[in-house]
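First comes the structure, then the notes that go with it.
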Amino acid sequence: MFSYIVKRLGQSLLTVAIVIVSVFLLLRLMPKNGYFTREDYVSLDKEARTAYLRNLGVLDDPFTQFSRFMSGLAKGDLGRSITVYPRSPVLEVIRDKAPYSLWFGLAALALSMGLGLGLGILMARYKDSIVDGLGTLYVTIVRAIPSLIWLFFIQQWVTALLGWPMLFYEDRPISWILPTISLALSGIAWYAIWLRRFMVDEENRDYVKFATAKGLARGRVMRGHILRNALVPLVQYFPQQVLLTIAGSLLIESIYSIPGMGGLLVNAIRQQDNPLVQALVLLYAVLGVAGVFLGDLLMALVDPRIRLADARTKGGEA
Amino acid sequence: MSETTILTAEGLEVSFTLRGRRLAALRGASLELCRGETLAVVGESGSGKSVFAKTFLGMLDKNGRIERGSIRFDGMDLAQFRSERDWLSVRGKRIAMVFQDPMTALNPLKTVGEQIRETAALHRGLDRKTSRTAALETLERVGIHDPELRYRQYPHEFSGGMRQRVVIAAAIACGPEILICDEPTTALDVTVQAQILDLIKSLQRDLGMSVLFITHDLGVVANIAQRVAVMYAGQVVEAGTVDEIFRDPRAPYTWALLASLPQLGIKGEELYAIKGTPPSLFKEIKGDAFAPRNPLALEVDFVAEPPEFDVSPTHWAKTWLLDPRAPRIEPPETLKRLRERLAADRRRGSAVAGGAKNAAQGGSR
């Protein structure tokens, strides 16, 4: 197990390093005039532009820039935003915005798992019944219709129906409900359909028949064998989903005006805010890779067969 | 022999609905299982032997149902059981089953010990600690060394033969009266097969269980069983003691089955094989189901289904050949060789079953 962790950790760090270097290098290939706002670009003359760029440090050779970036990173300094939030430290920008995305994301994830797994269990338990049919209908609707349509529908109609605010207000908890639900809808569908599928898969396995032949009641076989084994492939994605809630949702945050992380990366790229892009890509890469890494660890924890590589040397065969 | 009988199946008819069509898997199958005996059910693939066994546990697939017949066990008719509640008093507790493929019969994510403990806790109402002790004892009983360590291991840490021992342990953990073994050695390699057969034999002796042993391997039959039921196309066509079936078979299908034993072949001569294929169970079968493949079939075989004729108190067969009006038809020459070998074995003083075992074992594996 230990060597497995070390190996996976090494792979994860390497992935993050590759992502950082490649994003860094790609950003240096972009045209320099992206560093100006339109007004600045027009109003400044050539020398002033060069001075501005030199001041930003983007005229130094890439190695100098990279080592500056890395040494800043070591000190916990991610640099300052250039165009999106001029001169604000990137860390501060993230610190201001991340909590919104995180809390909405976590609430939605809890909702997705609770309702989604519940629905999945019901659909598998009462396969081919009306429950299963309605569940499938829900999943199909959520996944087939572009989310923009039902998201707007919820915002327009449900708020009108219940008299709730259409936008997010930090001081009015009632305005938090719809964004959370909107955020959870596709998650519910995801958990439900996959859990159902894995449970149905497990249900047809020999060991389930044997467990039944041993005299275990269906409910116990469901809980103790089918559900437990069906959760294994889902467990893998759990850490990733928790960590990446911080990235927020572009769509939902923008329609409800939530000041979260949702559109930040897109804006930063569009306005060529290199320090911000670098910091965000670094953050998301670390979180994403950490999520996969933790997911693998969790898998190894719940599935003894993954520990096989280590166990084999101890000799289990008889 | 009703007081020695533990389970009686009579005229069992089971059908499955497959894509809107009805498949008659059992067409009036009957058998009697006696206390403390091992009864082998033999037949080729698709003859309905597994379906037969599954009805005793109420484990037919969802699209299958018992249409007619009875399964009497301890004053109950298992064929009438509908709800899970009914079955839970019997299944796994009084009638247990061992599956064919030990590689898939165990939950890969649960420790071996837990899967045995589960049965003990459930049926004997034991708490965690005592059921653990019971599971450890059972592991030891099925010949697994170092049970304390093995208890904590997972199925993938066991070899095929060892897994089958675990499956058997899980099945017998609550001391069932009947153990159904559905081809328990088919998926194992030859050396391990013999060990598992010996294990089943010794467990049966020690625990006084009745064993219903499903197999298509006649060598295994001779090794393990006292009585044999031969199945064809969803019916038992002949039943008797191992001695009677091997030395004095009466049904043409049993003849054909025995004649195709590779051991009876003569070097250089082509091995006997039954011509044709079993009848489709989707269609209505008229007369004797084996008649179309039987070169010795009588005219009546194509018209009417033969009843069961008693040959001795322990031996009966479903064939018109036993009707007093039937012409005298001799079993094929090859079977004389089997009889001679059995006789030779007997002269050498070995037990009948042992003799049949020697005659029948080896090539059929």
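To be explicit about the labels: the chains of the structure tokens are called A, B, and onward in the order shown, and within each one the residues are counted from 1, while ligands get numbers from 1 in the order they are shown.
Shell of Ala251 of chain B at 9 Å, with only C-alpha atoms counted and residues fewer than 4 places along the chain excluded, is Val237, Glu238, Trp255, Ala256, Ala317, Lys318, Thr319, Trp320, Leu321 and Leu322 of chain B.
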Exercise. Find the residues around Ser312 of chain B up to 12 Å (only C-alpha atoms counted), leave out those fewer than 6 positions away in its own chain, and share them as a ChimeraX atom specification.
Key: /B:238-241,244-245,248-250,322
Practice problem: as a PyMOL selection string, list the residues of segment 112-215 of chain B assigned to strand (DSSP E or B) by DSSP on the backbone atoms of this structure. | Solution: chain B and resi 178-182+210-215
Pull C-alpha atoms from the residues just selected and write them as a tab-separated table (two decimals), in the first residue's frame.
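Output below, filename again.tsv:
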chain	number	residue	atom	x	y	z
B	178	ILE	CA	-29.69	-30.91	2.44
B	179	LEU	CA	-26.68	-29.69	0.50
B	180	ILE	CA	-27.21	-29.11	-3.19
B	181	CYS	CA	-23.98	-29.12	-5.17
B	182	ASP	CA	-24.43	-27.69	-8.66
B	210	SER	CA	-28.27	-35.44	2.30
B	211	VAL	CA	-26.42	-34.33	-0.79
B	212	LEU	CA	-27.98	-33.64	-4.15
B	213	PHE	CA	-25.09	-33.64	-6.55
B	214	ILE	CA	-25.63	-32.22	-10.01
B	215	THR	CA	-23.08	-33.19	-12.60
Quiz prompt | Residues of chain B within 9 Å of chain A, only C-alpha atoms counted, as a PyMOL selection string | solution = chain B and resi 57-59+84-85+87-93+95-99+101+104-110+115+118-119+122-123+150+153-154+156-159+161-162+167+170-171
Quiz item: Distance atom CA of Asp189 of chain B-atom CA of Arg163 of chain B, one decimal place?
Solution: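 Separating atom CA of Asp189 of chain B from atom CA of Arg163 of chain B is a distance of 12.9 Å.
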Quiz item: For Arg125 of chain A, which of A:Ala110, A:Ala144, A:Met1, A:Met222 is the closest residue, counting only C-alpha atoms?
Solution: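 Selected residue with least distance to Arg125 of chain A: A:Met222.
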Practice problem: Pick out the residues sitting within 8 Å of Arg8 of chain A, and hand them over as a PyMOL selection string; count only C-alpha atoms, and ignore anything fewer than 4 positions along from it in its own chain. | Solution: chain A and resi 4+12+293
Exercise. Pick out the residues sitting within 12 Å of Leu139 of chain B, and hand them over as a VMD selection string; count only C-alpha atoms, and ignore anything fewer than 3 positions along from it in its own chain.
Key: chain B and resid 112 to 117 120 132 to 136 142 to 152 162 to 173
Quiz item: Could you state the separation of atom CA of Ile255 of chain A and atom CA of Asp171 of chain A in Å, given to one decimal place?
Solution: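 If I compute the distance from atom CA of Ile255 of chain A to atom CA of Asp171 of chain A, I get 18.0 Å.
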Exercise. Within segment 53-296 of chain A, find each residue whose DSSP state, derived from the backbone, is alpha helix (DSSP H), and express the selection as a PyMOL selection string.
Key: chain A and resi 53-56+62-74+90-125+130-144+147-153+159-162+174-203+206-213+218-221+228-235+238-244+250-255+264-270+274-296
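Atom to atom, atom CA of Gly120 of chain A and atom CA of Leu60 of chain B stand 25.6 Å apart.
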Quiz prompt | Nearest candidate to His315 of chain B (options B:Ala29, B:Val190, B:Ala40, B:Ala229; using only C-alpha atoms) | solution =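 Of all the options, B:Ala229 lies closest to His315 of chain B.
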Write out as a compact mmCIF listing (two decimals) with C-alpha atoms, in the first residue's frame the residues lying within 10 Å of Thr245 of chain A, counting only C-alpha atoms and excluding same-chain residues fewer than 2 positions away.
# COMPACT_ATOMS: atom_id res chain seq x y z
CA ALA A 98 -13.84 31.11 -3.64
CA PRO A 99 -16.07 30.85 -0.54
CA TYR A 100 -19.21 31.58 -2.56
CA SER A 101 -18.48 28.86 -5.05
CA LEU A 102 -17.32 26.48 -2.35
CA TRP A 103 -20.38 26.78 -0.14
CA PHE A 104 -22.85 26.62 -2.99
CA GLY A 105 -20.90 23.74 -4.46
CA LEU A 106 -20.74 21.75 -1.25
CA ALA A 107 -24.41 22.30 -0.48
CA ALA A 108 -25.31 21.20 -4.00
CA LEU A 109 -23.02 18.19 -3.79
CA GLN A 240 -12.53 15.31 -7.12
CA GLN A 241 -16.11 16.52 -6.94
CA VAL A 242 -15.62 18.02 -3.49
CA LEU A 243 -12.40 19.82 -4.43
CA ALA A 247 -14.22 26.31 -9.40
CA GLY A 248 -17.89 27.25 -9.29
CA SER A 249 -20.38 27.17 -12.10
CA MET A 261 -15.23 31.81 -9.15
CA GLY A 262 -17.46 30.73 -12.01
CA LEU A 287 -7.17 20.41 -7.02
Exercise. Show which residues sit within 12 Å of Ser88 of chain A, as a list of chain:residue names. Count only C-alpha atoms, and ignore same-chain residues fewer than 5 positions away.
Key: A:Asp77, A:Leu78, A:Gly79, A:Arg80, A:Ser81, A:Ile82, A:Thr83, A:Val93, A:Ile94, A:Arg95, A:Asp96, A:Asp273, A:Pro275, A:Leu276
